[in-house]
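What follows is a short report on a single structure.
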Amino acid sequence: MSIKALKGFKDILPDEVGLWQMIEGKARDIFQRYGFEEIKVPILEKTELFVRTIGESTDIVEKEMYTFADRNGASITMRPEGTASVIRSYIENGLYVRGSVQRLYTIGPMFRHERPQKGRLRQFHQMSVEVLGSEQAMLDAEVMAMAWLLLQEIGLKASLEINSLGCPACRPSYKEALQSFVKERIAYLCEDCKRRSDANPLRVLDCKSDNCQDQYTSAPSIIEHLCEDCSQHFAAAKQGLDLLGVPYSVNPSMVRGLDYYTRTAFELITTELGAQGAIGAGGRYDGLVKQLGGPDVPGIGFAMGIERLVMLLGQKEKRASKTGLDLFLVTPGEAAYEKGFQLLQTLRILGVRAMTDHEGRSMKNQMKQANKQQARFVLILGDNELESRVVVLKDMLSGEQETVALSMDFENWAAAIKEKII
């Protein structure tokens with residue numbers, strides 16, 4: 001009996017990797033344009049980190065985390081999101097002493113034990129972006145604009161929805177109004193919402209039950225309860241988006257699924273999968289660093305799921321994502337194969353993506369291999385060409401070919417070939 005992958009865990013095959021590389025490469029390029037630096041954090045963390053940051057009453061902590069005891073009995077969790085780990089590292093390694101504002105991002109796998117579905121697996125990959133050390137609303141606009149630009153440059157369309165979740169000064173009045181609203185409908189709600197209605201009523205708005213969401217359509221809006229400071233901050237964030245030319249809409253019913261969010265919250269929504277779905281989301285979390293024992297510095301960030309981006313691009317463009325070769329070297333004949341083996345290494349040293357056949361196949365079969373590998377060019381070096389000291393360079397798109405003299409100076413000859421094909 002063969003062993004198969006765990007449910008909700010997926011192999012990323014060579015034909016898919018090209019899109020992954022494009023998305024991650026574009027993300028790194030754009031993040032660096034905005035002054036961000038990459039940080040790599042562990043997959044395993046102490047469970048307490050996520051309980052304290054995400055919140056005990058969230059679905060993630062209550063139902064979805066992969067948690068186990070290590071040999072010493074300590075509770076360990078496979079990270080379900082990236083922000084908590086980045087902030088833990090920020091505090092533990094004293095990154096705040098490097099400068100008043102730190103711009104960090106991490107890309108990697110996350111783990112949640114939820115029902116696998118299209119675009120959402122139990123092991124999934126996220127880009128997590130964090131700015132620590134500034135409370136300026138214009139920074140909120142800049143972070144949202146960066147997320148918007150990333151989607152634009154990889155070829156996806158999404159609508160930006162924003163909201164303000166208030167702060168510890170104004171949220172209590174909203175919490176009281178929401179609790180009163182929920183109590184009037186408590187008999188129609190699911191058991192999770194009934195339980196959370198007292199401990200953390202904002203969590204009920206994030207419920208996945210359609211029946212519960214129908215009850216919340218007329219729920220009070222947190223925007224109506226914002227204090228003056230939060231109102232001004234939200235207005236400034238919207239002004240910043242206007243200045244940057246980023247279209248948005250205000251969604252007063254939006255909440256985030258994690259307890260640490262304050263003030264600005266946002267989601268990037270797509271309808272290209274046939275139904276609305278968030279492909280990126282984030283917000284401000286001004287008290288989180290202090291909550292974890294660090295300095296009292298504000299923060300804002302967002303996350304994007306790479307699987308969903310890959311799925312959208314693959315569906316939208318119907319394209320093969322495999323990265324083809326620059327060149328395939330066809331070498332019919334034993335002497336030509338030996339010389340080609342040397343030439344190929346020289347080409348690779350110069351940065352050319354190249355392969356050859358090592359199985360002694362016929363020229364016809366080697367050409368089939370070149371097509372299978374999506375080679376842009378084929379270089380033909382047979383025993384006859386070797387004797388005449390020439391090679392044939394064929395453009396696989398146009399079908400045109402030319403004869404190129406074979407020089408004894410491998411490096412200069414390889415450089416000349418590279419100039420023709422790249």
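Each chain of the structure tokens is named A, B, ... in the order shown, its residues numbered from 1; ligands are numbered from 1 in display order.
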Every residue of range 120-249 of chain A that DSSP places in alpha helix (DSSP H), as a VMD selection string: chain A and resid 137 to 154 171 to 183 191 to 199 210 to 215 228 to 244
Could you please take those selected residues and save C-alpha atoms as a PDB file, in the first residue's frame?
```pdb
ATOM      1  CA  ALA A 137      -2.486  57.154   9.251  1.00  0.00           C
ATOM      2  CA  MET A 138      -0.572  57.962   6.048  1.00  0.00           C
ATOM      3  CA  LEU A 139       1.510  54.857   6.765  1.00  0.00           C
ATOM      4  CA  ASP A 140      -1.728  52.841   6.831  1.00  0.00           C
ATOM      5  CA  ALA A 141      -2.535  54.187   3.370  1.00  0.00           C
ATOM      6  CA  GLU A 142       0.968  53.365   2.145  1.00  0.00           C
ATOM      7  CA  VAL A 143       0.755  49.763   3.379  1.00  0.00           C
ATOM      8  CA  MET A 144      -2.642  49.274   1.744  1.00  0.00           C
ATOM      9  CA  ALA A 145      -1.339  50.846  -1.475  1.00  0.00           C
ATOM     10  CA  MET A 146       1.601  48.435  -1.464  1.00  0.00           C
ATOM     11  CA  ALA A 147      -0.730  45.439  -1.156  1.00  0.00           C
ATOM     12  CA  TRP A 148      -2.860  46.888  -3.966  1.00  0.00           C
ATOM     13  CA  LEU A 149       0.201  47.399  -6.185  1.00  0.00           C
ATOM     14  CA  LEU A 150       1.350  43.821  -5.660  1.00  0.00           C
ATOM     15  CA  LEU A 151      -1.953  42.457  -6.957  1.00  0.00           C
ATOM     16  CA  GLN A 152      -1.864  44.869  -9.891  1.00  0.00           C
ATOM     17  CA  GLU A 153       1.656  43.852 -10.916  1.00  0.00           C
ATOM     18  CA  ILE A 154       0.987  40.117 -10.806  1.00  0.00           C
ATOM     19  CA  ARG A 171     -14.535  50.141  21.755  1.00  0.00           C
ATOM     20  CA  PRO A 172     -16.290  49.532  25.153  1.00  0.00           C
ATOM     21  CA  SER A 173     -19.311  51.619  24.112  1.00  0.00           C
ATOM     22  CA  TYR A 174     -19.586  49.680  20.867  1.00  0.00           C
ATOM     23  CA  LYS A 175     -19.171  46.387  22.720  1.00  0.00           C
ATOM     24  CA  GLU A 176     -22.087  47.308  24.982  1.00  0.00           C
ATOM     25  CA  ALA A 177     -24.303  48.239  22.010  1.00  0.00           C
ATOM     26  CA  LEU A 178     -23.388  45.052  20.161  1.00  0.00           C
ATOM     27  CA  GLN A 179     -24.042  42.863  23.213  1.00  0.00           C
ATOM     28  CA  SER A 180     -27.523  44.341  23.562  1.00  0.00           C
ATOM     29  CA  PHE A 181     -28.179  43.715  19.872  1.00  0.00           C
ATOM     30  CA  VAL A 182     -26.977  40.109  20.084  1.00  0.00           C
ATOM     31  CA  LYS A 183     -28.985  39.298  23.213  1.00  0.00           C
ATOM     32  CA  GLU A 191     -23.557  27.773  19.966  1.00  0.00           C
ATOM     33  CA  ASP A 192     -20.215  29.491  19.265  1.00  0.00           C
ATOM     34  CA  CYS A 193     -21.890  32.901  18.953  1.00  0.00           C
ATOM     35  CA  LYS A 194     -23.933  32.325  22.108  1.00  0.00           C
ATOM     36  CA  ARG A 195     -20.760  31.532  24.029  1.00  0.00           C
ATOM     37  CA  ARG A 196     -18.805  34.460  22.599  1.00  0.00           C
ATOM     38  CA  SER A 197     -21.539  37.059  22.953  1.00  0.00           C
ATOM     39  CA  ASP A 198     -20.408  37.929  26.497  1.00  0.00           C
ATOM     40  CA  ALA A 199     -16.667  37.229  26.424  1.00  0.00           C
ATOM     41  CA  ASP A 210     -24.970  31.998   7.024  1.00  0.00           C
ATOM     42  CA  ASN A 211     -27.834  31.896   9.502  1.00  0.00           C
ATOM     43  CA  CYS A 212     -25.888  33.983  12.024  1.00  0.00           C
ATOM     44  CA  GLN A 213     -24.772  36.435   9.357  1.00  0.00           C
ATOM     45  CA  ASP A 214     -28.431  36.959   8.407  1.00  0.00           C
ATOM     46  CA  GLN A 215     -29.068  37.989  12.017  1.00  0.00           C
ATOM     47  CA  GLU A 228     -12.475  61.708  18.075  1.00  0.00           C
ATOM     48  CA  ASP A 229      -8.898  60.454  17.713  1.00  0.00           C
ATOM     49  CA  CYS A 230      -9.993  57.288  15.903  1.00  0.00           C
ATOM     50  CA  SER A 231     -12.355  59.254  13.656  1.00  0.00           C
ATOM     51  CA  GLN A 232      -9.545  61.599  12.662  1.00  0.00           C
ATOM     52  CA  HIS A 233      -7.153  58.699  12.100  1.00  0.00           C
ATOM     53  CA  PHE A 234      -9.648  56.915   9.849  1.00  0.00           C
ATOM     54  CA  ALA A 235     -10.315  60.100   7.887  1.00  0.00           C
ATOM     55  CA  ALA A 236      -6.571  60.620   7.386  1.00  0.00           C
ATOM     56  CA  ALA A 237      -6.119  57.023   6.182  1.00  0.00           C
ATOM     57  CA  LYS A 238      -8.868  57.522   3.611  1.00  0.00           C
ATOM     58  CA  GLN A 239      -7.304  60.813   2.547  1.00  0.00           C
ATOM     59  CA  GLY A 240      -3.971  59.017   2.060  1.00  0.00           C
ATOM     60  CA  LEU A 241      -5.602  56.429  -0.215  1.00  0.00           C
ATOM     61  CA  ASP A 242      -7.203  59.243  -2.205  1.00  0.00           C
ATOM     62  CA  LEU A 243      -3.817  60.944  -2.622  1.00  0.00           C
ATOM     63  CA  LEU A 244      -2.265  57.679  -3.835  1.00  0.00           C
TER      64      LEU A 244
END
```
DSSP on the backbone: which residues in range 61-151 of chain A end up as strand (DSSP E or B)? Give the answer as a ChimeraX atom specification. /A:66-69,75-78,102-111,117,120,123-132
So how far away is CA of Leu226 in chain A from CA of Ser164 in chain A, in Å? 8.1 Å
Please provide as a compact mmCIF listing (two decimals) with C-alpha atoms, in the first residue's frame all residues within 6 Å of Thr264 in chain A, with the sequence filter that same-chain residues fewer than 5 positions apart are discarded (counting only C-alpha atoms).
```txt
# COMPACT_ATOMS: atom_id res chain seq x y z
CA ASN A 163 -13.02 49.91 8.24
CA SER A 164 -11.91 51.20 11.63
CA GLY A 283 -4.84 46.11 9.83
CA ARG A 284 -3.36 48.03 12.72
```
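Remark: for Lys10 in chain A, the closest of the candidate residues A:Asp409, A:Glu135, A:Glu307, A:Asp286 is A:Glu307 (distances computed over only C-alpha atoms).
With only C-alpha atoms as the atoms that count, the minimum distance from Gln136 in chain A to the choices A:Gly333, A:Gly324, A:Pro298, A:Pro201 is reached by A:Pro298.
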Contact table range 228-346 of chain A vs range 394-402 of chain A, cut-off 12 Å, shortest pair per residue, only C-alpha atoms, as a tab-separated table:
```
residue	atom	partner	partner_atom	distance
A:Gly324	CA	A:Met396	CA	11.7
A:Leu325	CA	A:Met396	CA	11.3
A:Asp326	CA	A:Asp395	CA	10.4
A:Leu327	CA	A:Lys394	CA	9.5
A:Phe328	CA	A:Lys394	CA	9.9
A:Leu329	CA	A:Lys394	CA	10.4
A:Val330	CA	A:Lys394	CA	10.7
```
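The smallest atom-to-atom distance between Pro109 in chain A and any of A:Gly55, A:Pro295, A:Gly305, A:Gly382, using only C-alpha atoms, is found for A:Gly305.
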With only C-alpha atoms as the counted atoms, please give the residues lying no more than 10 Å from Leu44 in chain A, apart from itself and same-chain residues fewer than 6 positions off, as a PyMOL selection string. chain A and resi 66-67+76-80+85+110
Since we have the selection now, will you write its residues out, keeping C-alpha atoms, as a PDB file, in the first residue's frame?
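The resulting file, result-v4.pdb, is reproduced below:
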```
ATOM      1  CA  TYR A  66      -1.706  22.157  15.463  1.00  0.00           C
ATOM      2  CA  THR A  67      -0.591  21.910  19.096  1.00  0.00           C
ATOM      3  CA  ILE A  76       4.263  23.737  21.152  1.00  0.00           C
ATOM      4  CA  THR A  77       2.267  25.023  18.168  1.00  0.00           C
ATOM      5  CA  MET A  78       2.941  25.056  14.446  1.00  0.00           C
ATOM      6  CA  ARG A  79       2.478  28.700  13.523  1.00  0.00           C
ATOM      7  CA  PRO A  80      -1.048  29.482  12.221  1.00  0.00           C
ATOM      8  CA  SER A  85       6.265  35.203  15.323  1.00  0.00           C
ATOM      9  CA  MET A 110       1.454  28.293   8.059  1.00  0.00           C
TER      10      MET A 110
END
```
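The smallest atom-to-atom distance between Cys207 in chain A and any of A:Leu288, A:Cys227, A:Met254, A:Ile30, using only C-alpha atoms, is found for A:Met254.
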Residues near Pro116 in chain A, anyone? I mean within 10 Å using only C-alpha atoms, not counting same-chain ones fewer than 5 positions away, as a PyMOL selection string. chain A and resi 7-9+121-123
Selection file, C-alpha atoms, as a JSON list (two decimals), in the first residue's frame:
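Output contents, as saved in out35.json:
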```json
[["chain", "number", "residue", "atom", "x", "y", "z"],
["A", 7, "LYS", "CA", -5.38, 15.45, 4.07],
["A", 8, "GLY", "CA", -5.07, 19.20, 3.52],
["A", 9, "PHE", "CA", -1.35, 18.99, 2.68],
["A", 121, "LEU", "CA", -5.37, 23.96, 2.86],
["A", 122, "ARG", "CA", -4.14, 22.85, 6.28],
["A", 123, "GLN", "CA", -0.62, 23.74, 5.25]]
```
Close residues, Arg389 in chain A itself excluded, 9 Å, only C-alpha atoms, min 4 positions apart in chain, as a PyMOL selection string: chain A and resi 384-385+404-407
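You will find CA of Gly294 in chain A at 8.8 Å from CA of Gly94 in chain A.
The interatomic distance for the pair CA of Ile162 in chain A and CA of Ile269 in chain A works out to 10.8 Å.
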